[in-house]
$ cat input_35.csv   # CSV, C-alpha atoms and all ligand atoms
chain,number,residue,atom,x,y,z
A,1,THR,CA,-22.3,-8.9,-17.4
A,2,GLN,CA,-22.2,-8.4,-13.6
A,3,SER,CA,-20.0,-5.6,-12.3
A,4,THR,CA,-17.2,-6.4,-9.9
A,5,ARG,CA,-16.7,-5.0,-6.4
A,6,PRO,CA,-13.8,-2.8,-7.5
A,7,GLN,CA,-16.0,-1.4,-10.4
A,8,ARG,CA,-18.8,-0.6,-7.9
A,9,LEU,CA,-16.2,1.1,-5.6
A,10,LEU,CA,-15.0,3.2,-8.6
A,11,GLY,CA,-18.7,4.1,-9.3
A,12,ALA,CA,-19.0,5.4,-5.7
A,13,VAL,CA,-15.9,7.5,-6.2
A,14,LYS,CA,-17.2,9.0,-9.4
A,15,LYS,CA,-20.6,9.7,-7.8
A,16,ASN,CA,-19.5,11.1,-4.5
A,17,ALA,CA,-16.0,12.4,-4.8
A,18,THR,CA,-14.8,15.7,-6.3
A,19,ARG,CA,-12.3,15.4,-9.2
A,20,GLY,CA,-8.8,16.5,-8.1
A,21,ASP,CA,-9.7,16.3,-4.4
A,22,PRO,CA,-7.8,13.2,-3.0
A,23,ARG,CA,-9.3,13.5,0.5
A,24,SER,CA,-12.9,13.3,-1.0
A,25,VAL,CA,-11.8,10.2,-2.9
A,26,VAL,CA,-10.6,8.6,0.3
A,27,LYS,CA,-13.8,9.6,2.1
A,28,ALA,CA,-16.0,8.2,-0.7
A,29,ILE,CA,-14.3,4.9,-0.6
A,30,ASP,CA,-14.5,4.6,3.2
A,31,GLN,CA,-18.2,5.5,3.1
A,32,PHE,CA,-18.8,2.9,0.4
A,33,CYS,CA,-17.0,0.2,2.4
A,34,ARG,CA,-18.7,1.0,5.6
A,35,GLN,CA,-22.2,1.5,4.2
A,36,LYS,CA,-22.4,-0.7,1.1
A,37,GLU,CA,-19.6,-3.4,0.7
A,38,TRP,CA,-16.5,-4.3,2.6
A,39,ALA,CA,-13.3,-4.1,0.6
A,40,MET,CA,-9.7,-4.7,1.5
A,41,ASN,CA,-8.4,-1.1,1.5
A,42,VAL,CA,-6.2,-0.2,4.4
A,43,GLY,CA,-9.1,1.9,5.6
A,44,ASP,CA,-9.5,5.0,7.7
A,45,GLU,CA,-8.3,3.8,11.1
A,46,LYS,CA,-5.0,2.2,9.9
A,47,GLY,CA,-5.0,4.9,7.2
A,48,CYS,CA,-4.4,7.5,9.9
A,49,ILE,CA,-1.4,5.6,11.2
A,50,LEU,CA,-0.1,5.4,7.5
A,51,ASP,CA,-0.6,9.2,7.2
A,52,SER,CA,1.4,9.9,10.4
A,53,VAL,CA,4.3,7.7,9.2
A,54,VAL,CA,4.3,9.4,5.7
A,55,SER,CA,4.2,12.9,7.1
A,56,GLU,CA,6.9,12.2,9.7
A,57,LEU,CA,9.2,10.6,7.0
A,58,ASN,CA,8.4,13.0,4.1
A,59,PRO,CA,9.6,10.4,1.6
A,60,ALA,CA,10.9,11.4,-1.9
A,61,THR,CA,10.6,7.8,-3.2
A,62,VAL,CA,7.8,5.4,-2.2
A,63,LEU,CA,7.2,1.8,-3.3
A,64,GLU,CA,3.7,0.3,-2.7
A,65,LEU,CA,3.3,-3.5,-3.2
A,66,GLY,CA,-0.4,-4.2,-3.9
A,67,THR,CA,-2.3,-1.4,-5.3
A,68,TYR,CA,-5.8,-3.0,-5.3
A,69,CYS,CA,-8.2,-0.1,-6.0
A,70,GLY,CA,-5.6,2.6,-5.2
A,71,TYR,CA,-7.0,3.8,-1.8
A,72,SER,CA,-3.6,3.8,0.0
A,73,THR,CA,-1.9,5.0,-3.2
A,74,VAL,CA,-4.1,8.1,-3.1
A,75,ARG,CA,-3.7,8.5,0.6
A,76,ILE,CA,0.1,8.4,0.4
A,77,ALA,CA,0.5,10.3,-2.9
A,78,SER,CA,-1.7,13.2,-1.6
A,79,MET,CA,0.9,13.8,1.2
A,80,LEU,CA,4.0,13.7,-0.9
A,81,PRO,CA,6.2,16.8,-1.5
A,82,PRO,CA,6.2,18.2,-5.1
A,83,HIS,CA,8.8,16.1,-6.9
A,84,ALA,CA,8.4,12.9,-4.9
A,85,LYS,CA,7.5,9.7,-6.7
A,86,LEU,CA,5.3,6.7,-5.8
A,87,ILE,CA,5.7,3.5,-7.7
A,88,THR,CA,2.9,1.0,-7.0
A,89,LEU,CA,2.9,-2.7,-8.2
A,90,GLU,CA,-0.3,-4.5,-9.0
A,91,PHE,CA,-0.6,-8.1,-10.2
A,92,ASN,CA,-4.3,-8.2,-11.1
A,93,PRO,CA,-5.1,-6.3,-14.3
A,94,ASP,CA,-8.7,-5.7,-13.2
A,95,TYR,CA,-7.6,-4.2,-10.0
A,96,ALA,CA,-5.0,-2.1,-11.9
A,97,ALA,CA,-7.6,-0.8,-14.4
A,98,VAL,CA,-9.8,0.4,-11.5
A,99,ALA,CA,-6.9,1.9,-9.6
A,100,ARG,CA,-5.7,3.9,-12.6
A,101,GLN,CA,-9.1,5.6,-12.7
A,102,VAL,CA,-9.3,6.2,-9.0
A,103,ILE,CA,-5.8,7.7,-9.0
A,104,ALA,CA,-6.8,9.9,-12.1
A,105,TRP,CA,-10.0,11.0,-10.3
A,106,ALA,CA,-7.9,12.2,-7.4
A,107,GLY,CA,-5.7,14.1,-9.9
A,108,LEU,CA,-2.5,12.3,-8.8
A,109,GLU,CA,-1.4,10.7,-12.1
A,110,ASP,CA,1.8,12.8,-12.1
A,111,LYS,CA,3.0,11.5,-8.8
A,112,VAL,CA,2.1,7.9,-9.3
A,113,GLN,CA,3.5,5.2,-11.6
A,114,LEU,CA,1.3,2.0,-11.5
A,115,VAL,CA,3.2,-1.0,-12.9
A,116,GLU,CA,1.4,-4.3,-13.6
A,117,GLY,CA,3.2,-7.5,-12.9
A,118,ALA,CA,4.5,-9.8,-10.1
A,119,SER,CA,6.5,-8.2,-7.4
A,120,GLY,CA,9.1,-11.0,-7.6
A,121,ASP,CA,9.7,-10.2,-11.3
A,122,LEU,CA,9.5,-6.4,-11.0
A,123,ILE,CA,11.6,-5.7,-7.9
A,124,PRO,CA,14.9,-6.8,-9.6
A,125,LYS,CA,14.2,-4.5,-12.5
A,126,MET,CA,13.4,-1.4,-10.4
A,127,SER,CA,16.7,0.4,-10.5
A,128,GLU,CA,17.3,0.1,-14.3
A,129,GLN,CA,13.7,0.3,-15.6
A,130,PHE,CA,12.2,2.9,-13.2
A,131,GLU,CA,15.4,5.0,-12.5
A,132,VAL,CA,15.2,4.7,-8.8
A,133,GLU,CA,18.1,3.9,-6.5
A,134,THR,CA,16.6,3.3,-3.2
A,135,PHE,CA,13.2,3.7,-1.6
A,136,ASP,CA,12.6,5.9,1.5
A,137,LEU,CA,9.3,4.1,2.2
A,138,VAL,CA,7.9,0.7,1.2
A,139,PHE,CA,4.2,0.0,1.9
A,140,LEU,CA,3.6,-3.8,1.9
A,141,ASP,CA,0.0,-4.6,1.3
A,142,HIS,CA,0.0,-7.4,-1.3
A,143,TRP,CA,-0.1,-11.2,-1.0
A,144,LYS,CA,0.8,-11.9,2.6
A,145,ASP,CA,3.1,-14.8,1.8
A,146,ARG,CA,5.1,-12.4,-0.5
A,147,TYR,CA,6.1,-9.9,2.3
A,148,LEU,CA,9.2,-11.9,3.4
A,149,PRO,CA,10.6,-13.0,0.1
A,150,ASP,CA,10.1,-9.6,-1.4
A,151,THR,CA,11.8,-7.9,1.6
A,152,LYS,CA,14.8,-10.2,1.2
A,153,LEU,CA,14.7,-9.4,-2.6
A,154,MET,CA,14.7,-5.6,-1.9
A,155,GLU,CA,17.7,-6.1,0.4
A,156,GLU,CA,19.6,-8.1,-2.2
A,157,CYS,CA,18.8,-5.6,-5.0
A,158,GLY,CA,20.1,-2.7,-2.8
A,159,LEU,CA,16.8,-0.9,-2.9
A,160,LEU,CA,16.9,-0.2,0.9
A,161,LYS,CA,19.3,2.3,2.5
A,162,LYS,CA,20.0,3.2,6.1
A,163,GLY,CA,16.8,4.8,7.4
A,164,SER,CA,14.4,3.2,4.7
A,165,VAL,CA,11.1,2.4,6.3
A,166,LEU,CA,9.0,-0.7,5.6
A,167,LEU,CA,5.4,-0.3,6.7
A,168,ALA,CA,3.4,-3.6,6.5
A,169,ASP,CA,-0.4,-3.9,6.6
A,170,ASN,CA,-2.3,-7.0,7.9
A,171,VAL,CA,0.5,-8.4,10.1
A,172,ILE,CA,-2.2,-9.9,12.4
A,173,CYS,CA,-5.2,-10.4,10.0
A,174,PRO,CA,-4.8,-12.2,7.6
A,175,GLY,CA,-1.4,-12.3,9.2
A,176,THR,CA,2.2,-12.4,8.1
A,177,PRO,CA,4.0,-14.5,10.7
A,178,GLU,CA,7.2,-15.3,8.9
A,179,TYR,CA,7.7,-11.7,7.9
A,180,LEU,CA,7.0,-10.5,11.5
A,181,GLU,CA,9.4,-13.0,13.0
A,182,TYR,CA,12.1,-11.9,10.5
A,183,VAL,CA,12.0,-8.1,10.9
A,184,ARG,CA,11.6,-8.4,14.7
A,185,ALA,CA,14.5,-10.8,15.1
A,186,SER,CA,16.9,-9.3,12.5
A,187,PRO,CA,19.6,-6.9,13.8
A,188,ARG,CA,19.2,-5.0,10.6
A,189,TYR,CA,15.7,-3.7,11.5
A,190,GLU,CA,14.2,-1.6,14.3
A,191,SER,CA,10.6,-2.7,14.4
A,192,GLN,CA,7.5,-1.2,16.0
A,193,TYR,CA,3.9,-2.6,16.1
A,194,PHE,CA,0.9,-0.1,15.7
A,195,ARG,CA,-2.1,-1.9,17.0
A,196,SER,CA,-5.4,-1.2,15.2
A,197,HIS,CA,-8.3,-3.1,13.6
A,198,LEU,CA,-9.0,-4.8,10.3
A,199,GLU,CA,-10.4,-2.2,8.0
A,200,TYR,CA,-14.1,-1.4,8.7
A,201,THR,CA,-14.3,-4.1,11.4
A,202,LYS,CA,-13.6,-4.6,15.1
A,203,VAL,CA,-11.2,-7.5,14.4
A,204,GLU,CA,-7.7,-6.9,15.6
A,205,ASP,CA,-5.1,-6.0,13.0
A,206,GLY,CA,-2.1,-3.7,12.9
A,207,LEU,CA,0.8,-2.2,11.0
A,208,GLU,CA,4.4,-3.1,11.6
A,209,LYS,CA,6.9,-0.3,11.0
A,210,SER,CA,10.5,-1.5,10.4
A,211,VAL,CA,13.4,0.9,9.9
A,212,PHE,CA,16.3,-0.6,7.9
A,213,LEU,CA,19.5,0.0,9.8
A,214,GLY,CA,21.8,-0.7,6.8
B,1,LIG,O1,-5.2,-10.0,0.4
B,1,LIG,C1,-5.1,-8.8,0.7
B,1,LIG,N1,-4.3,-7.9,0.1
B,1,LIG,C2,-3.7,-8.3,-1.2
B,1,LIG,C3,-4.5,-8.0,-2.4
B,1,LIG,C4,-3.6,-7.7,-3.5
B,1,LIG,N2,-3.7,-6.7,-4.3
B,1,LIG,N3,-2.7,-6.8,-5.2
B,1,LIG,C5,-2.0,-7.9,-4.8
B,1,LIG,C6,-0.8,-8.3,-5.4
B,1,LIG,C7,-0.3,-9.6,-5.3
B,1,LIG,C8,0.9,-9.9,-5.8
B,1,LIG,C9,1.6,-8.9,-6.5
B,1,LIG,N4,2.8,-9.0,-7.1
B,1,LIG,C10,3.0,-7.7,-7.6
B,1,LIG,N5,2.0,-6.9,-7.3
B,1,LIG,C11,1.1,-7.7,-6.5
B,1,LIG,C12,-0.1,-7.3,-6.0
B,1,LIG,N6,-2.5,-8.5,-3.7
B,1,LIG,C13,-5.8,-8.3,2.0
B,1,LIG,C14,-6.7,-9.2,2.5
B,1,LIG,C15,-7.5,-8.8,3.6
B,1,LIG,C16,-8.5,-9.6,4.2
B,1,LIG,C17,-8.7,-9.7,5.6
B,1,LIG,C18,-9.7,-10.5,6.2
B,1,LIG,C19,-10.4,-11.3,5.3
B,1,LIG,F1,-11.4,-12.1,5.9
B,1,LIG,C20,-10.2,-11.3,4.0
B,1,LIG,C21,-9.3,-10.5,3.4
B,1,LIG,C22,-7.2,-7.5,4.2
B,1,LIG,C23,-6.3,-6.7,3.6
B,1,LIG,O2,-6.0,-5.4,4.2
B,1,LIG,C24,-5.5,-7.1,2.5
B,1,LIG,O3,-4.6,-6.2,2.0
B,2,MG,MG,-4.2,-4.7,3.5

$ encode --input "input_35.csv" --output "structure tokens"
Amino acid sequence: TQSTRPQRLLGAVKKNATRGDPRSVVKAIDQFCRQKEWAMNVGDEKGCILDSVVSELNPATVLELGTYCGYSTVRIASMLPPHAKLITLEFNPDYAAVARQVIAWAGLEDKVQLVEGASGDLIPKMSEQFEVETFDLVFLDHWKDRYLPDTKLMEECGLLKKGSVLLADNVICPGTPEYLEYVRASPRYESQYFRSHLEYTKVEDGLEKSVFLG
């Protein structure tokens, strides 16, 4: 049977990255996506913006919506302090299977909990099932029409506290207009747009950073 793009991406990681070295895993994926096949990772340009937000915030609890192959999972987890935790939600079991192996290759299994399922179902169960009160950082990178409903759900479930940061990928391409309008108009958020490009292309895209004011 034909291999899938995520499986070919995993092959490139195993071939070109060093076990236990997260930066080499990130580099191998970026090289594969630039030289061989485009894939919807946040990429190296927007990835640097992600890195700066993470290092400035130094979060103890992180929620990622949309794991895909685990590229941003590895990027974020590699920067977390020792006892910090990253929970990442993935809907597609094939993506999840590849992501688990990418995360393991990077040696970050102890910092990452990958949960399979729909964000709408899992978010209400967060506090009880995953023993987490609130998230210091949420990285939104899943279905673009889920950004707004899931943000409202996180508010309702009390998963955000004063100072929690939402960082949203793809707010221009493919675009998340309703989400952008909401966080920019709401008095409960202080939003900032970081202009960049769609991963591995010259097309405009960007990240929106929104601080929850409580
Ligand atoms: O669709 C994207 N990302 C979403 C994948 C995903 N991976 N997992 C989910 C999930 C969906 C429900 C879920 N519920 C719970 N976890 C969930 C996870 N969704 C995406 C698409 C593009 C893109 C741009 C230009 C193009 F021409 C084509 C494509 C670029 C990007 O950076 C993206 O992130
Ligand atoms: Mg994305």

$ residues_around --input "input_35.csv" --residues "Leu153 (chain A)" --least-positions-apart "2" --cutoff "8 Å" --atoms "all atoms listed in the file" --output "ChimeraX atom specification"
/A:120,123-124,149-151,155-157

$ closest_residue --input "input_35.csv" --among "A:Leu89, A:Ala99, A:Val165, A:Val53" --to "Gly70 (chain A)" --atoms "only C-alpha atoms"
A:Ala99

$ residues_around --input "input_35.csv" --residues "region 183-198 of chain A" --least-positions-apart "4" --cutoff "12 Å" --atoms "only C-alpha atoms" --output "ChimeraX atom specification"
/A:38-50,52-53,147-149,151-152,155,160-179,202-214

$ atom_distance --input "input_35.csv" --atom1 "CA of Glu133 (chain A)" --atom2 "atom N2 of ligand LIG 1 (chain B)"
24.3 Å

$ atom_distance --input "input_35.csv" --atom1 "CA of Val102 (chain A)" --atom2 "CA of Asp21 (chain A)"
11.1 Å

$ atom_distance --input "input_35.csv" --atom1 "CA of Ala84 (chain A)" --atom2 "CA of Leu140 (chain A)"
18.7 Å

$ residues_near_point --input "input_35.csv" --point "(-10.3, 10.7, -0.9)" --cutoff "10 Å" --atoms "all atoms listed in the file" --output "list in words"
Val13, Asn16, Ala17, Thr18, Arg19, Gly20, Asp21, Pro22, Arg23, Ser24, Val25, Val26, Lys27, Ala28, Ile29, Asp30, Tyr71, Ser72, Val74, Arg75, Ser78, Val102, Ile103, Trp105 and Ala106 of chain A

$ residues_near_point --input "input_35.csv" --point "(11.9, 13.0, 2.7)" --cutoff "9 Å" --atoms "only C-alpha atoms" --output "list in words"
Val54, Ser55, Glu56, Leu57, Asn58, Pro59, Ala60, Thr61, Leu80, Pro81, Ala84 and Asp136 of chain A

$ residues_around --input "input_35.csv" --residues "Ala96 (chain A)" --least-positions-apart "5" --cutoff "8 Å" --atoms "all atoms listed in the file" --output "PDB file with C-alpha atoms, in the coordinates of the input"
ATOM      1  CA  THR A  67      -2.300  -1.400  -5.300  1.00  0.00           C
ATOM      2  CA  TYR A  68      -5.800  -3.000  -5.300  1.00  0.00           C
ATOM      3  CA  CYS A  69      -8.200  -0.100  -6.000  1.00  0.00           C
ATOM      4  CA  GLU A  90      -0.300  -4.500  -9.000  1.00  0.00           C
ATOM      5  CA  PHE A  91      -0.600  -8.100 -10.200  1.00  0.00           C
ATOM      6  CA  LEU A 114       1.300   2.000 -11.500  1.00  0.00           C
ATOM      7  CA  GLU A 116       1.400  -4.300 -13.600  1.00  0.00           C
TER       8      GLU A 116
END

$ closest_residue --input "input_35.csv" --among "A:Leu108, A:Leu65, A:Leu159, A:Ile76" --to "ligand MG 2 (chain B)" --atoms "all atoms listed in the file"
A:Leu65

$ closest_residue --input "input_35.csv" --among "A:Ala77, A:Cys33, A:Leu10, A:Ile87" --to "Phe135 (chain A)" --atoms "only C-alpha atoms"
A:Ile87

$ closest_residue --input "input_35.csv" --among "A:Glu109, A:Asp94, A:Glu64, A:Glu37" --to "ligand MG 2 (chain B)" --atoms "all atoms listed in the file"
A:Glu64

$ residues_around --input "input_35.csv" --residues "Lys125 (chain A)" --least-positions-apart "3" --cutoff "12 Å" --atoms "only C-alpha atoms" --output "ChimeraX atom specification"
/A:115,117-122,128-133,153-154,157-159

$ write_last_selection --input "input_35.csv" --atoms "C-alpha atoms" --output "PDB file, in the frame of the given file"
ATOM      1  CA  VAL A 115       3.200  -1.000 -12.900  1.00  0.00           C
ATOM      2  CA  GLY A 117       3.200  -7.500 -12.900  1.00  0.00           C
ATOM      3  CA  ALA A 118       4.500  -9.800 -10.100  1.00  0.00           C
ATOM      4  CA  SER A 119       6.500  -8.200  -7.400  1.00  0.00           C
ATOM      5  CA  GLY A 120       9.100 -11.000  -7.600  1.00  0.00           C
ATOM      6  CA  ASP A 121       9.700 -10.200 -11.300  1.00  0.00           C
ATOM      7  CA  LEU A 122       9.500  -6.400 -11.000  1.00  0.00           C
ATOM      8  CA  GLU A 128      17.300   0.100 -14.300  1.00  0.00           C
ATOM      9  CA  GLN A 129      13.700   0.300 -15.600  1.00  0.00           C
ATOM     10  CA  PHE A 130      12.200   2.900 -13.200  1.00  0.00           C
ATOM     11  CA  GLU A 131      15.400   5.000 -12.500  1.00  0.00           C
ATOM     12  CA  VAL A 132      15.200   4.700  -8.800  1.00  0.00           C
ATOM     13  CA  GLU A 133      18.100   3.900  -6.500  1.00  0.00           C
ATOM     14  CA  LEU A 153      14.700  -9.400  -2.600  1.00  0.00           C
ATOM     15  CA  MET A 154      14.700  -5.600  -1.900  1.00  0.00           C
ATOM     16  CA  CYS A 157      18.800  -5.600  -5.000  1.00  0.00           C
ATOM     17  CA  GLY A 158      20.100  -2.700  -2.800  1.00  0.00           C
ATOM     18  CA  LEU A 159      16.800  -0.900  -2.900  1.00  0.00           C
TER      19      LEU A 159
END

$ closest_residue --input "input_35.csv" --among "A:Thr4, A:Asp51, A:Leu180, A:Leu63" --to "Ala97 (chain A)" --atoms "all atoms listed in the file"
A:Thr4

$ closest_residue --input "input_35.csv" --among "A:Glu181, A:Gln113, A:Gly66, A:Gly107" --to "ligand LIG 1 (chain B)" --atoms "all atoms listed in the file"
A:Gly66

$ residues_around --input "input_35.csv" --residues "Arg8 (chain A)" --least-positions-apart "5" --cutoff "10 Å" --atoms "all atoms listed in the file" --output "PyMOL selection string"
chain A and resi 3+13-14+32+36-37+98

$ build_atoms --input "input_35.csv" --residues "region 130-152 of chain A" --atoms "N, CA, C and O atoms" --output "compact mmCIF listing (two decimals), in the frame of the given file"
# COMPACT_ATOMS: atom_id res chain seq x y z
N PHE A 130 13.04 1.79 -13.70
CA PHE A 130 12.20 2.90 -13.20
C PHE A 130 13.14 4.02 -12.62
O PHE A 130 12.68 4.87 -11.89
N GLU A 131 14.46 3.95 -12.97
CA GLU A 131 15.40 5.00 -12.50
C GLU A 131 15.20 5.39 -11.07
O GLU A 131 14.99 6.54 -10.71
N VAL A 132 15.23 4.38 -10.23
CA VAL A 132 15.20 4.70 -8.80
C VAL A 132 16.31 3.91 -8.12
O VAL A 132 16.62 2.77 -8.50
N GLU A 133 17.01 4.57 -7.22
CA GLU A 133 18.10 3.90 -6.50
C GLU A 133 17.63 3.17 -5.32
O GLU A 133 17.70 1.97 -5.25
N THR A 134 17.11 3.96 -4.39
CA THR A 134 16.60 3.30 -3.20
C THR A 134 15.22 3.94 -2.84
O THR A 134 14.86 4.99 -3.36
N PHE A 135 14.47 3.25 -1.97
CA PHE A 135 13.20 3.70 -1.60
C PHE A 135 13.22 4.21 -0.12
O PHE A 135 13.79 3.54 0.74
N ASP A 136 12.64 5.39 0.13
CA ASP A 136 12.60 5.90 1.50
C ASP A 136 11.49 5.20 2.29
O ASP A 136 11.62 5.02 3.51
N LEU A 137 10.42 4.80 1.57
CA LEU A 137 9.30 4.10 2.20
C LEU A 137 8.79 3.01 1.33
O LEU A 137 8.66 3.21 0.10
N VAL A 138 8.55 1.84 1.89
CA VAL A 138 7.90 0.70 1.20
C VAL A 138 6.63 0.38 1.98
O VAL A 138 6.71 0.13 3.19
N PHE A 139 5.47 0.39 1.31
CA PHE A 139 4.20 0.00 1.90
C PHE A 139 3.86 -1.40 1.42
O PHE A 139 3.61 -1.57 0.22
N LEU A 140 3.90 -2.39 2.28
CA LEU A 140 3.60 -3.80 1.90
C LEU A 140 2.14 -4.08 2.18
O LEU A 140 1.68 -4.00 3.32
N ASP A 141 1.40 -4.38 1.09
CA ASP A 141 0.00 -4.60 1.30
C ASP A 141 -0.52 -5.59 0.19
O ASP A 141 -1.68 -5.57 -0.22
N HIS A 142 0.41 -6.46 -0.28
CA HIS A 142 0.00 -7.40 -1.30
C HIS A 142 -0.16 -8.79 -0.76
O HIS A 142 -0.56 -8.91 0.41
N TRP A 143 0.09 -9.83 -1.49
CA TRP A 143 -0.10 -11.20 -1.00
C TRP A 143 0.74 -11.35 0.28
O TRP A 143 1.93 -10.98 0.29
N LYS A 144 0.13 -11.88 1.32
CA LYS A 144 0.80 -11.90 2.60
C LYS A 144 1.99 -12.84 2.66
O LYS A 144 2.94 -12.59 3.38
N ASP A 145 1.98 -13.84 1.78
CA ASP A 145 3.10 -14.80 1.80
C ASP A 145 4.27 -14.23 0.88
O ASP A 145 5.30 -14.87 0.73
N ARG A 146 4.06 -13.02 0.33
CA ARG A 146 5.10 -12.40 -0.50
C ARG A 146 5.91 -11.37 0.32
O ARG A 146 6.94 -10.87 -0.13
N TYR A 147 5.40 -11.00 1.53
CA TYR A 147 6.10 -9.90 2.30
C TYR A 147 7.54 -10.29 2.55
O TYR A 147 8.44 -9.49 2.30
N LEU A 148 7.80 -11.50 3.08
CA LEU A 148 9.20 -11.90 3.40
C LEU A 148 10.07 -12.06 2.21
O LEU A 148 11.13 -11.41 2.13
N PRO A 149 9.67 -12.89 1.23
CA PRO A 149 10.60 -13.00 0.10
C PRO A 149 10.85 -11.72 -0.64
O PRO A 149 11.98 -11.46 -1.05
N ASP A 150 9.85 -10.84 -0.72
CA ASP A 150 10.10 -9.60 -1.40
C ASP A 150 10.96 -8.63 -0.59
O ASP A 150 11.73 -7.83 -1.14
N THR A 151 10.89 -8.72 0.73
CA THR A 151 11.80 -7.90 1.60
C THR A 151 13.22 -8.33 1.41
O THR A 151 14.13 -7.51 1.22
N LYS A 152 13.43 -9.65 1.38
CA LYS A 152 14.80 -10.20 1.20
C LYS A 152 15.29 -9.77 -0.22
O LYS A 152 16.45 -9.38 -0.39
